[in-house]
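Source file target-v1.cif; content: mmCIF, C-alpha atoms and all ligand atoms.
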```cif
data_start
loop_
_atom_site.label_atom_id
_atom_site.label_comp_id
_atom_site.auth_asym_id
_atom_site.auth_seq_id
_atom_site.Cartn_x
_atom_site.Cartn_y
_atom_site.Cartn_z
CA MET M 1 11.15 -41.99 -0.82
CA ALA M 2 9.46 -39.14 1.08
CA THR M 3 6.02 -38.00 -0.06
CA HIS M 4 4.85 -34.50 0.73
CA LYS M 5 1.27 -33.52 0.20
CA ILE M 6 0.82 -29.91 -0.86
CA ALA M 7 -2.51 -28.11 -1.00
CA VAL M 8 -2.54 -25.90 -4.08
CA LEU M 9 -4.94 -22.95 -3.98
CA PRO M 10 -4.40 -20.71 -7.05
CA GLY M 11 -7.41 -18.46 -6.30
CA ASP M 12 -8.22 -15.65 -8.72
CA GLY M 13 -6.71 -13.45 -11.42
CA ILE M 14 -3.01 -13.98 -12.03
CA GLY M 15 -2.96 -16.49 -9.14
CA GLN M 16 -4.26 -18.93 -11.75
CA GLU M 17 -1.32 -18.13 -14.04
CA VAL M 18 1.64 -17.95 -11.67
CA ILE M 19 0.90 -20.98 -9.45
CA PRO M 20 1.20 -23.47 -12.34
CA GLU M 21 4.73 -22.12 -12.93
CA ALA M 22 5.62 -22.64 -9.26
CA LEU M 23 4.35 -26.23 -9.60
CA ARG M 24 6.47 -26.71 -12.70
CA ILE M 25 9.53 -25.78 -10.63
CA LEU M 26 8.56 -28.08 -7.76
CA GLY M 27 8.14 -30.86 -10.33
CA VAL M 28 11.75 -30.38 -11.42
CA VAL M 29 12.91 -30.30 -7.78
CA ALA M 30 11.04 -33.55 -7.12
CA LYS M 31 12.80 -35.25 -9.98
CA GLY M 32 16.23 -33.92 -9.06
CA SER M 33 16.01 -34.60 -5.34
CA GLY M 34 14.13 -37.89 -5.41
CA THR M 35 11.22 -36.46 -3.44
CA THR M 36 7.57 -37.07 -4.27
CA PHE M 37 5.09 -34.24 -4.09
CA GLU M 38 1.41 -34.92 -4.17
CA PHE M 39 -0.34 -31.77 -5.38
CA GLU M 40 -4.02 -31.42 -4.75
CA GLN M 41 -5.91 -28.37 -5.95
CA GLY M 42 -8.57 -26.58 -3.91
CA LEU M 43 -10.92 -23.67 -4.49
CA VAL M 44 -10.51 -20.39 -2.64
CA GLY M 45 -11.58 -16.75 -3.01
CA GLY M 46 -13.77 -15.58 -5.87
CA ALA M 47 -13.34 -18.86 -7.75
CA ALA M 48 -14.76 -20.67 -4.70
CA ILE M 49 -17.60 -18.16 -4.30
CA ASP M 50 -18.63 -18.74 -7.91
CA ALA M 51 -18.58 -22.52 -7.50
CA THR M 52 -19.93 -22.94 -3.96
CA GLY M 53 -21.07 -19.59 -2.60
CA GLU M 54 -18.28 -19.63 0.03
CA PRO M 55 -14.79 -18.05 -0.13
CA LEU M 56 -13.32 -21.00 1.80
CA PRO M 57 -15.36 -24.18 1.26
CA GLY M 58 -15.17 -27.06 3.75
CA ASP M 59 -13.46 -29.26 1.15
CA THR M 60 -10.61 -26.77 0.85
CA LEU M 61 -10.24 -26.49 4.61
CA ARG M 62 -10.05 -30.29 4.92
CA LEU M 63 -7.55 -30.46 2.07
CA CYS M 64 -5.32 -27.93 3.88
CA GLU M 65 -5.66 -29.80 7.17
CA SER M 66 -4.43 -33.00 5.57
CA SER M 67 -1.46 -31.35 3.78
CA HIS M 68 2.13 -30.61 4.78
CA ALA M 69 2.00 -27.10 3.34
CA ILE M 70 -0.27 -24.73 1.42
CA LEU M 71 0.75 -22.99 -1.81
CA PHE M 72 -1.55 -20.03 -2.34
CA GLY M 73 -1.98 -17.70 -5.34
CA ALA M 74 -4.08 -14.59 -4.77
CA VAL M 75 -7.74 -13.76 -4.15
CA GLY M 76 -10.18 -11.00 -5.03
CA GLY M 77 -11.13 -8.84 -7.97
CA PRO M 78 -13.70 -6.31 -9.13
CA ARG M 79 -16.17 -9.09 -9.96
CA TRP M 80 -16.76 -9.75 -6.26
CA ASP M 81 -16.66 -6.15 -5.03
CA HIS M 82 -20.41 -6.12 -4.44
CA VAL M 83 -20.28 -9.21 -2.19
CA PRO M 84 -20.91 -8.37 1.50
CA GLN M 85 -17.77 -8.01 3.69
CA GLU M 86 -18.11 -11.34 5.48
CA ARG M 87 -18.26 -13.30 2.22
CA ARG M 88 -15.67 -11.47 0.17
CA PRO M 89 -12.88 -13.49 -1.48
CA GLU M 90 -10.35 -11.99 0.99
CA ARG M 91 -12.23 -13.67 3.86
CA GLY M 92 -11.04 -17.04 2.56
CA LEU M 93 -7.42 -16.01 3.06
CA LEU M 94 -8.05 -14.37 6.42
CA ARG M 95 -9.83 -17.47 7.71
CA LEU M 96 -6.99 -19.70 6.60
CA ARG M 97 -4.51 -17.49 8.46
CA LYS M 98 -6.64 -17.55 11.60
CA ASP M 99 -7.69 -21.22 11.54
CA PHE M 100 -4.13 -22.41 10.98
CA ASP M 101 -2.74 -19.92 13.51
CA LEU M 102 -0.28 -18.48 10.96
CA TYR M 103 0.78 -15.61 13.17
CA ALA M 104 4.19 -14.85 11.67
CA ASN M 105 4.32 -13.57 8.10
CA LEU M 106 7.82 -13.37 6.62
CA ARG M 107 8.17 -10.95 3.72
CA PRO M 108 11.72 -10.56 2.45
CA ALA M 109 12.45 -7.55 0.25
CA LYS M 110 15.75 -7.66 -1.50
CA CYS M 111 17.02 -5.39 -4.22
CA PHE M 112 18.43 -7.72 -6.87
CA PRO M 113 21.55 -6.00 -8.25
CA LEU M 114 20.37 -6.78 -11.78
CA LEU M 115 17.05 -5.06 -11.20
CA VAL M 116 18.35 -2.02 -9.38
CA ASP M 117 17.19 0.24 -12.20
CA ALA M 118 13.71 -1.31 -12.26
CA SER M 119 12.86 0.47 -9.02
CA PRO M 120 11.40 3.96 -9.38
CA LEU M 121 13.76 4.96 -6.55
CA LYS M 122 17.31 6.12 -7.20
CA ARG M 123 20.03 3.50 -7.52
CA SER M 124 21.99 5.21 -4.75
CA VAL M 125 19.04 4.69 -2.39
CA VAL M 126 18.00 1.09 -3.13
CA GLU M 127 21.31 -0.53 -3.97
CA GLY M 128 22.24 -3.05 -1.30
CA THR M 129 18.76 -3.28 0.25
CA ASP M 130 18.18 -6.65 1.89
CA LEU M 131 15.51 -6.65 4.54
CA MET M 132 12.84 -8.87 6.00
CA VAL M 133 9.48 -7.65 7.26
CA ILE M 134 7.89 -9.89 9.86
CA ARG M 135 4.25 -9.02 10.05
CA GLU M 136 1.99 -10.29 12.84
CA LEU M 137 -0.83 -11.91 10.92
CA THR M 138 -3.64 -13.10 13.20
CA GLY M 139 -4.31 -10.15 15.51
CA GLY M 140 -4.86 -6.41 15.56
CA LEU M 141 -7.47 -4.55 13.51
CA TYR M 142 -8.02 -7.50 11.18
CA PHE M 143 -9.59 -9.69 13.85
CA GLY M 144 -10.22 -7.52 16.94
CA GLU M 145 -13.68 -7.33 18.50
CA PRO M 146 -15.95 -5.43 18.55
CA ARG M 147 -16.16 -4.83 14.83
CA GLY M 148 -18.95 -3.81 12.48
CA THR M 149 -21.32 -1.02 11.55
CA GLU M 150 -24.30 0.22 13.52
CA LYS M 151 -27.13 2.62 12.80
CA MET M 152 -27.40 5.48 15.26
CA ALA M 153 -30.65 6.86 16.68
CA ASP M 154 -30.28 10.01 14.57
CA GLY M 155 -30.06 7.96 11.37
CA SER M 156 -26.29 8.32 10.93
CA ALA M 157 -23.97 5.30 10.94
CA ARG M 158 -20.99 4.34 13.06
CA ALA M 159 -18.36 1.73 12.19
CA VAL M 160 -15.74 0.24 14.47
CA ASN M 161 -12.68 -2.01 14.33
CA THR M 162 -10.55 -2.84 17.33
CA MET M 163 -6.77 -2.98 17.50
CA ALA M 164 -6.13 -5.44 20.30
CA TYR M 165 -3.09 -7.55 21.21
CA THR M 166 -2.36 -9.77 24.18
CA SER M 167 1.17 -9.92 25.56
CA ARG M 168 1.22 -13.59 24.54
CA GLU M 169 0.51 -12.74 20.88
CA ILE M 170 3.26 -10.13 20.90
CA ASP M 171 5.73 -12.41 22.65
CA ARG M 172 5.40 -15.27 20.16
CA VAL M 173 5.81 -13.17 17.01
CA ALA M 174 8.71 -11.29 18.62
CA ARG M 175 10.47 -14.61 19.23
CA VAL M 176 10.09 -15.59 15.58
CA ALA M 177 11.50 -12.19 14.60
CA PHE M 178 14.52 -12.50 16.90
CA ASP M 179 15.17 -16.03 15.59
CA VAL M 180 15.04 -14.77 12.00
CA ALA M 181 17.27 -11.77 12.82
CA ARG M 182 19.77 -14.20 14.33
CA GLN M 183 20.00 -15.98 10.97
CA ARG M 184 20.54 -12.63 9.25
CA ARG M 185 22.58 -9.58 10.31
CA ARG M 186 21.39 -9.67 13.95
CA ARG M 187 19.55 -6.36 13.89
CA LEU M 188 15.87 -6.08 14.65
CA THR M 189 13.70 -2.96 14.34
CA SER M 190 10.36 -3.17 16.13
CA VAL M 191 7.83 -0.79 14.60
CA ASP M 192 4.91 0.66 16.56
CA LYS M 193 2.99 3.84 17.37
CA ALA M 194 3.86 3.90 21.06
CA ASN M 195 3.59 7.69 21.26
CA VAL M 196 -0.19 7.40 20.74
CA LEU M 197 -1.54 3.84 21.06
CA ALA M 198 -1.88 1.77 24.23
CA VAL M 199 -1.54 -1.39 22.13
CA SER M 200 1.81 -0.13 20.87
CA GLN M 201 3.02 0.63 24.39
CA LEU M 202 2.37 -2.97 25.35
CA TRP M 203 3.98 -4.09 22.09
CA ARG M 204 7.14 -2.15 22.92
CA GLU M 205 7.26 -3.45 26.49
CA VAL M 206 6.89 -7.08 25.48
CA VAL M 207 9.41 -6.90 22.62
CA THR M 208 11.91 -5.26 24.99
CA GLU M 209 11.34 -8.06 27.48
CA VAL M 210 11.86 -10.78 24.84
CA ALA M 211 15.10 -9.06 23.77
CA ARG M 212 16.69 -10.17 27.05
CA ASP M 213 16.70 -13.72 25.70
CA TYR M 214 18.54 -12.55 22.58
CA PRO M 215 21.52 -10.49 23.81
CA ASP M 216 23.30 -11.14 20.51
CA VAL M 217 20.61 -9.31 18.50
CA GLN M 218 20.59 -5.52 18.49
CA LEU M 219 17.04 -4.22 19.00
CA ASP M 220 15.73 -0.76 18.26
CA HIS M 221 12.23 0.72 18.22
CA MET M 222 10.84 2.99 15.56
CA LEU M 223 7.53 4.79 15.15
CA VAL M 224 5.59 3.60 12.13
CA ASP M 225 5.34 6.99 10.41
CA ASN M 226 9.07 7.46 10.71
CA CYS M 227 9.64 3.91 9.45
CA ALA M 228 7.47 4.57 6.38
CA MET M 229 9.76 7.46 5.54
CA ALA M 230 13.03 5.70 6.36
CA LEU M 231 12.08 2.70 4.20
CA VAL M 232 12.25 4.77 1.04
CA ALA M 233 14.88 7.24 2.23
CA ARG M 234 17.48 4.89 3.78
CA PRO M 235 16.32 1.30 3.18
CA THR M 236 19.79 -0.17 3.64
CA GLN M 237 19.71 0.74 7.33
CA PHE M 238 17.20 -2.08 7.92
CA ASP M 239 17.83 -5.75 8.49
CA THR M 240 14.81 -7.40 10.16
CA ILE M 241 11.59 -5.51 10.95
CA VAL M 242 8.80 -6.78 13.20
CA THR M 243 5.42 -5.10 13.43
CA GLU M 244 1.71 -5.61 14.00
CA ASN M 245 -0.76 -6.72 11.33
CA THR M 246 -1.97 -3.47 9.72
CA PHE M 247 1.36 -1.65 9.93
CA GLY M 248 2.98 -4.72 8.37
CA ASP M 249 0.42 -4.84 5.56
CA ILE M 250 1.23 -1.26 4.60
CA LEU M 251 5.00 -1.31 5.15
CA SER M 252 5.48 -4.55 3.21
CA ASP M 253 3.78 -3.10 0.12
CA GLU M 254 6.03 -0.07 0.45
CA ALA M 255 9.08 -2.32 0.76
CA ALA M 256 8.05 -4.03 -2.50
CA ILE M 257 9.11 -0.91 -4.37
CA LEU M 258 12.68 -1.53 -3.18
CA ALA M 259 12.77 -4.86 -4.99
CA GLY M 260 11.80 -3.28 -8.30
CA SER M 261 8.45 -5.00 -8.57
CA MET M 262 5.83 -6.65 -6.43
CA GLY M 263 6.18 -9.50 -8.91
CA MET M 264 9.47 -10.49 -7.28
CA LEU M 265 8.34 -10.86 -3.67
CA PRO M 266 7.51 -14.15 -1.96
CA SER M 267 6.12 -14.71 1.52
CA ALA M 268 5.75 -17.40 4.14
CA SER M 269 3.11 -17.48 6.88
CA LEU M 270 4.23 -19.63 9.78
CA GLY M 271 2.94 -20.56 13.20
CA GLY M 272 0.72 -23.62 13.26
CA LYS M 273 1.70 -27.04 11.96
CA THR M 274 0.78 -26.28 8.33
CA ALA M 275 2.37 -23.17 6.84
CA LEU M 276 1.12 -21.12 3.90
CA TYR M 277 3.21 -19.68 1.08
CA GLU M 278 2.03 -16.96 -1.25
CA PRO M 279 3.37 -14.25 -3.52
CA VAL M 280 2.95 -10.81 -1.94
CA HIS M 281 1.25 -9.46 -5.07
CA GLY M 282 -2.51 -9.63 -5.55
CA THR M 283 -4.71 -10.83 -8.39
CA ALA M 284 -3.73 -7.92 -10.72
CA PRO M 285 -7.08 -7.78 -12.58
CA ASP M 286 -5.58 -5.26 -15.04
CA ILE M 287 -3.21 -7.87 -16.52
CA ALA M 288 -4.98 -11.14 -15.65
CA GLY M 289 -5.57 -13.54 -18.51
CA GLN M 290 -2.86 -12.03 -20.73
CA GLY M 291 -0.05 -14.44 -19.88
CA ILE M 292 2.32 -11.63 -18.95
CA ALA M 293 2.35 -11.84 -15.12
CA ASN M 294 5.70 -12.35 -13.41
CA PRO M 295 5.81 -15.88 -11.90
CA ILE M 296 8.99 -15.21 -9.89
CA ALA M 297 7.20 -14.24 -6.64
CA ALA M 298 5.24 -17.51 -6.79
CA ILE M 299 8.36 -19.50 -7.65
CA LEU M 300 10.32 -17.92 -4.79
CA SER M 301 7.35 -18.67 -2.49
CA ALA M 302 7.69 -22.32 -3.50
CA ALA M 303 11.38 -22.05 -2.56
CA MET M 304 10.36 -20.76 0.88
CA LEU M 305 8.00 -23.74 1.15
CA LEU M 306 10.89 -26.09 0.50
CA ARG M 307 13.02 -24.33 3.11
CA TYR M 308 10.57 -23.78 5.96
CA SER M 309 8.06 -26.65 5.65
CA LEU M 310 10.06 -29.49 4.11
CA ASN M 311 13.54 -28.81 5.44
CA MET M 312 14.85 -28.76 1.85
CA GLY M 313 16.99 -25.61 2.15
CA GLY M 314 19.56 -26.84 -0.37
CA ASP M 315 16.86 -27.28 -2.99
CA ALA M 316 15.43 -23.85 -2.15
CA GLU M 317 18.86 -22.36 -2.85
CA LYS M 318 18.93 -24.06 -6.24
CA VAL M 319 15.59 -22.49 -7.15
CA GLU M 320 16.78 -19.05 -6.01
CA ALA M 321 20.03 -19.42 -7.95
CA ALA M 322 18.07 -20.47 -11.05
CA VAL M 323 15.97 -17.31 -10.87
CA LEU M 324 19.13 -15.20 -10.70
CA ARG M 325 20.66 -17.04 -13.63
CA VAL M 326 17.64 -16.42 -15.86
CA LEU M 327 17.73 -12.74 -14.94
CA GLU M 328 21.46 -12.70 -15.69
CA LYS M 329 20.74 -14.12 -19.12
CA GLY M 330 18.64 -11.03 -19.73
CA TYR M 331 15.09 -12.38 -19.56
CA ARG M 332 12.45 -10.14 -17.99
CA THR M 333 8.70 -10.14 -17.60
CA ALA M 334 6.90 -6.90 -18.48
CA ASP M 335 6.90 -5.54 -14.89
CA ILE M 336 10.71 -5.56 -14.67
CA ARG M 337 11.53 -4.88 -18.30
CA GLN M 338 14.54 -2.71 -19.04
CA GLU M 339 16.27 -1.64 -22.22
CA GLY M 340 18.43 -4.34 -23.78
CA THR M 341 16.60 -7.25 -22.12
CA THR M 342 14.42 -9.97 -23.65
CA LEU M 343 10.72 -9.91 -22.85
CA ALA M 344 9.29 -13.19 -21.55
CA GLY M 345 5.71 -14.16 -20.73
CA THR M 346 4.58 -16.07 -17.64
CA VAL M 347 4.96 -19.56 -19.11
CA GLN M 348 8.25 -18.83 -20.87
CA MET M 349 9.73 -17.42 -17.67
CA GLY M 350 8.60 -20.55 -15.81
CA GLU M 351 10.14 -22.80 -18.45
CA LEU M 352 13.45 -20.91 -18.43
CA ILE M 353 13.74 -21.14 -14.65
CA ALA M 354 12.71 -24.82 -14.70
CA ARG M 355 15.50 -25.58 -17.18
CA GLU M 356 18.08 -23.86 -14.92
CA VAL M 357 16.83 -25.72 -11.84
CA GLY M 358 17.07 -29.01 -13.72
CA ALA M 359 20.68 -28.23 -14.68
CA MET M 360 21.65 -27.89 -11.01
CA TYR M 361 20.99 -31.52 -10.09
C1 LIG V 1 -1.83 -9.00 1.96
C2 LIG V 1 -3.14 -8.56 1.38
C3 LIG V 1 -4.26 -9.09 2.28
C4 LIG V 1 -4.10 -8.41 3.61
C5 LIG V 1 -5.68 -8.90 1.71
C6 LIG V 1 -5.84 -9.58 0.37
C7 LIG V 1 -6.73 -9.39 2.67
O1 LIG V 1 -3.18 -7.19 1.23
O2 LIG V 1 -1.62 -10.22 2.11
O3 LIG V 1 -1.00 -8.14 2.26
O4 LIG V 1 -4.58 -7.28 3.82
O5 LIG V 1 -3.50 -9.01 4.49
MG MG V 2 -1.34 -6.23 1.64
#
```
Can I see the file as structure tokens?
Ligand code: IPM
Ligand code: MG
Amino acid sequence: MATHKIAVLPGDGIGQEVIPEALRILGVVAKGSGTTFEFEQGLVGGAAIDATGEPLPGDTLRLCESSHAILFGAVGGPRWDHVPQERRPERGLLRLRKDFDLYANLRPAKCFPLLVDASPLKRSVVEGTDLMVIRELTGGLYFGEPRGTEKMADGSARAVNTMAYTSREIDRVARVAFDVARQRRRRLTSVDKANVLAVSQLWREVVTEVARDYPDVQLDHMLVDNCAMALVARPTQFDTIVTENTFGDILSDEAAILAGSMGMLPSASLGGKTALYEPVHGTAPDIAGQGIANPIAAILSAAMLLRYSLNMGGDAEKVEAAVLRVLEKGYRTADIRQEGTTLAGTVQMGELIAREVGAMY
């Protein structure tokens, strides 16, 4: 029987509430499929700062290094806002991405037909949306040097971040994007700001070059400001999108609106030998501790873990189908509540989905 070791890093806020529900689902999958998961918990983010003074303690790093995959909750919160930049909870996540070379971040955004009215956008706009944002995750403004703040001679201050990409970094994420597009509707939109930025000109050149190896995928280029508009005006025109780190951060939050709620969106960060899976939503301090957070993004992230790290695509499909079935039965967490549906808390939603997954084996 195969044993897979999974590093579990719930982090802060609702990360602590939704990750246990994802583990509940993986427990049911283990039983049904005859797989053994070994879950080991580690500290990250604010929780780790409180316990050790560091957002990513050495123990956690070693745990991740010795695991097949990382299941991550969320980090940050107002409690740690005063902490200096380099030690903020978010640093723990950024270091994990960099140390494990997780350069390709897959963020699917799909409008579930049942939730079409949960989006603040018109039904006629969002209906049929099914897109995937591939965000470069280890380059650009997030990591470029020089960075920092300096005092000027006249007493004023100056701060700088650097958006830098090598052709190699662009090439490898472009290849992931073309591969993903190939598994989808074979259309890839590369998003940049090539009318202004040198980095974007290189981006466009390299992506165009890579496209020669993928003649079956239709590539087009779009400027990021135009893409921001098109995403909410004509989202169904998109299939796969590839873009640099900061643009991808912003566009993927925008795309979340298309799915009705951020609480529905999973993600996978791939590249190195150990991948990381996390819900796109953050720690949601406003609702943390109330037991009302939507665990579906975390549960769908666990499904991505099954698919991409453990080659258990069939089991991933069962989890995804179970989520749909529970929605069909009319259960909703507060963020996706509609008239005529039954309100469920975090744990109840997890239990309902677990029961459906169990019934599929
Ligand atoms: C995300 C988040 C992170 C990011 C934060 C928490 C550092 O917004 O995963 O999109 O900016 O990448
Ligand atoms: Mg973000």
Which of these, M:Ala259, M:Leu276, M:Ala298, M:Cys227, has the shortest distance to Arg24 (chain M) once you count all atoms listed in the file? M:Ala298
By how many Å are CA of Asp225 (chain M) and CA of Lys193 (chain M) apart? 8.0 Å
Do you have the CA of Leu26 (chain M)-CA of Gly73 (chain M) distance handy?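 Atom-to-atom, CA of Leu26 (chain M) to CA of Gly73 (chain M), that is 15.0 Å.
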Counting all atoms listed in the file, which residues in chain M sit no more than 7 Å from ligand MG 2 (chain V)? For each one, give the nearest pair of atoms and the distance in Å, sorted by chain then residue number, as a Markdown table.
```
| residue | atom | partner | partner_atom | distance |
| --- | --- | --- | --- | --- |
| M:Asp249 | CA | V:MG2 | MG | 4.5 |
| M:Ile250 | CA | V:MG2 | MG | 6.3 |
| M:Asp253 | CA | V:MG2 | MG | 6.2 |
```
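Around region 280-285 of chain M, within 9 Å and counting all atoms listed in the file, the residues found are Gly11, Asp12, Gly13, Ile14, Gly15, Gln16, Gly73, Ala74, Val75, Gly76, Gly77, Pro78, Arg107, Ser252, Asp253, Ala256, Met262, Gly263, Met264, Leu265, Pro266, Ser267, Glu278, Ile287, Ala288, Gly289, Ala293, Ala297 and Ala298 of chain M, once anything fewer than 2 positions away on its own chain is removed.
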Enclose the full set of atoms of ligand LIG 1 (chain V) listed in the file within a box whose edges lie along x, y and z, apply 5 Å of padding to each of the six sides, and report centre and edge lengths in Å to one decimal as AutoDock Vina command-line options.
```
--center_x -3.9 --center_y -8.7 --center_z 2.4 --size_x 15.7 --size_y 13.0 --size_z 14.1
```
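Near Glu86 (chain M), within 10 Å and counting only C-alpha atoms, sit Glu54, Pro55, Arg91 and Gly92 of chain M; same-chain residues fewer than 5 positions away were not included.
For the atom pair formed by CA of Arg62 (chain M) and CA of Leu93 (chain M), the distance is 14.6 Å, given to one decimal.
Shortest atom-to-atom contact with Arg175 (chain M) among M:Val28, M:Ala104, M:Leu9, M:Val125: M:Ala104, counting only C-alpha atoms.
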Near-Ala7 (chain M) list (10 Å; only C-alpha atoms; drop same-chain fewer than 4 positions) as a PDB file with C-alpha atoms, in the coordinates of the input:
```pdb
ATOM      1  CA  GLU M  38       1.410 -34.920  -4.170  1.00  0.00           C
ATOM      2  CA  PHE M  39      -0.340 -31.770  -5.380  1.00  0.00           C
ATOM      3  CA  GLU M  40      -4.020 -31.420  -4.750  1.00  0.00           C
ATOM      4  CA  GLN M  41      -5.910 -28.370  -5.950  1.00  0.00           C
ATOM      5  CA  GLY M  42      -8.570 -26.580  -3.910  1.00  0.00           C
ATOM      6  CA  THR M  60     -10.610 -26.770   0.850  1.00  0.00           C
ATOM      7  CA  LEU M  61     -10.240 -26.490   4.610  1.00  0.00           C
ATOM      8  CA  ARG M  62     -10.050 -30.290   4.920  1.00  0.00           C
ATOM      9  CA  LEU M  63      -7.550 -30.460   2.070  1.00  0.00           C
ATOM     10  CA  CYS M  64      -5.320 -27.930   3.880  1.00  0.00           C
ATOM     11  CA  GLU M  65      -5.660 -29.800   7.170  1.00  0.00           C
ATOM     12  CA  SER M  66      -4.430 -33.000   5.570  1.00  0.00           C
ATOM     13  CA  SER M  67      -1.460 -31.350   3.780  1.00  0.00           C
ATOM     14  CA  HIS M  68       2.130 -30.610   4.780  1.00  0.00           C
ATOM     15  CA  ALA M  69       2.000 -27.100   3.340  1.00  0.00           C
ATOM     16  CA  ILE M  70      -0.270 -24.730   1.420  1.00  0.00           C
ATOM     17  CA  LEU M  71       0.750 -22.990  -1.810  1.00  0.00           C
ATOM     18  CA  PHE M  72      -1.550 -20.030  -2.340  1.00  0.00           C
ATOM     19  CA  LEU M 276       1.120 -21.120   3.900  1.00  0.00           C
TER      20      LEU M 276
END
```
I need the residue nearest ligand LIG 1 (chain V) from this list: M:Ile353, M:Ala194, M:Leu251, M:Leu131. Use all atoms listed in the file for the distance.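 Smallest separation from ligand LIG 1 (chain V) among the options: M:Leu251.
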Smallest atom-to-atom distance to ligand LIG 1 (chain V): which of M:Leu141, M:Val18, M:Ile49, M:Leu223, using only C-alpha atoms and all ligand atoms?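 Nearest candidate to ligand LIG 1 (chain V) out of M:Leu141, M:Val18, M:Ile49, M:Leu223: M:Leu141.
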So, counting only C-alpha atoms and all ligand atoms, which residue among M:Val173, M:Ala30, M:Leu121, M:Ile134 is closest to ligand LIG 1 (chain V)?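 Checking each of M:Val173, M:Ala30, M:Leu121, M:Ile134 against ligand LIG 1 (chain V), counting only C-alpha atoms and all ligand atoms, the winner is M:Ile134.
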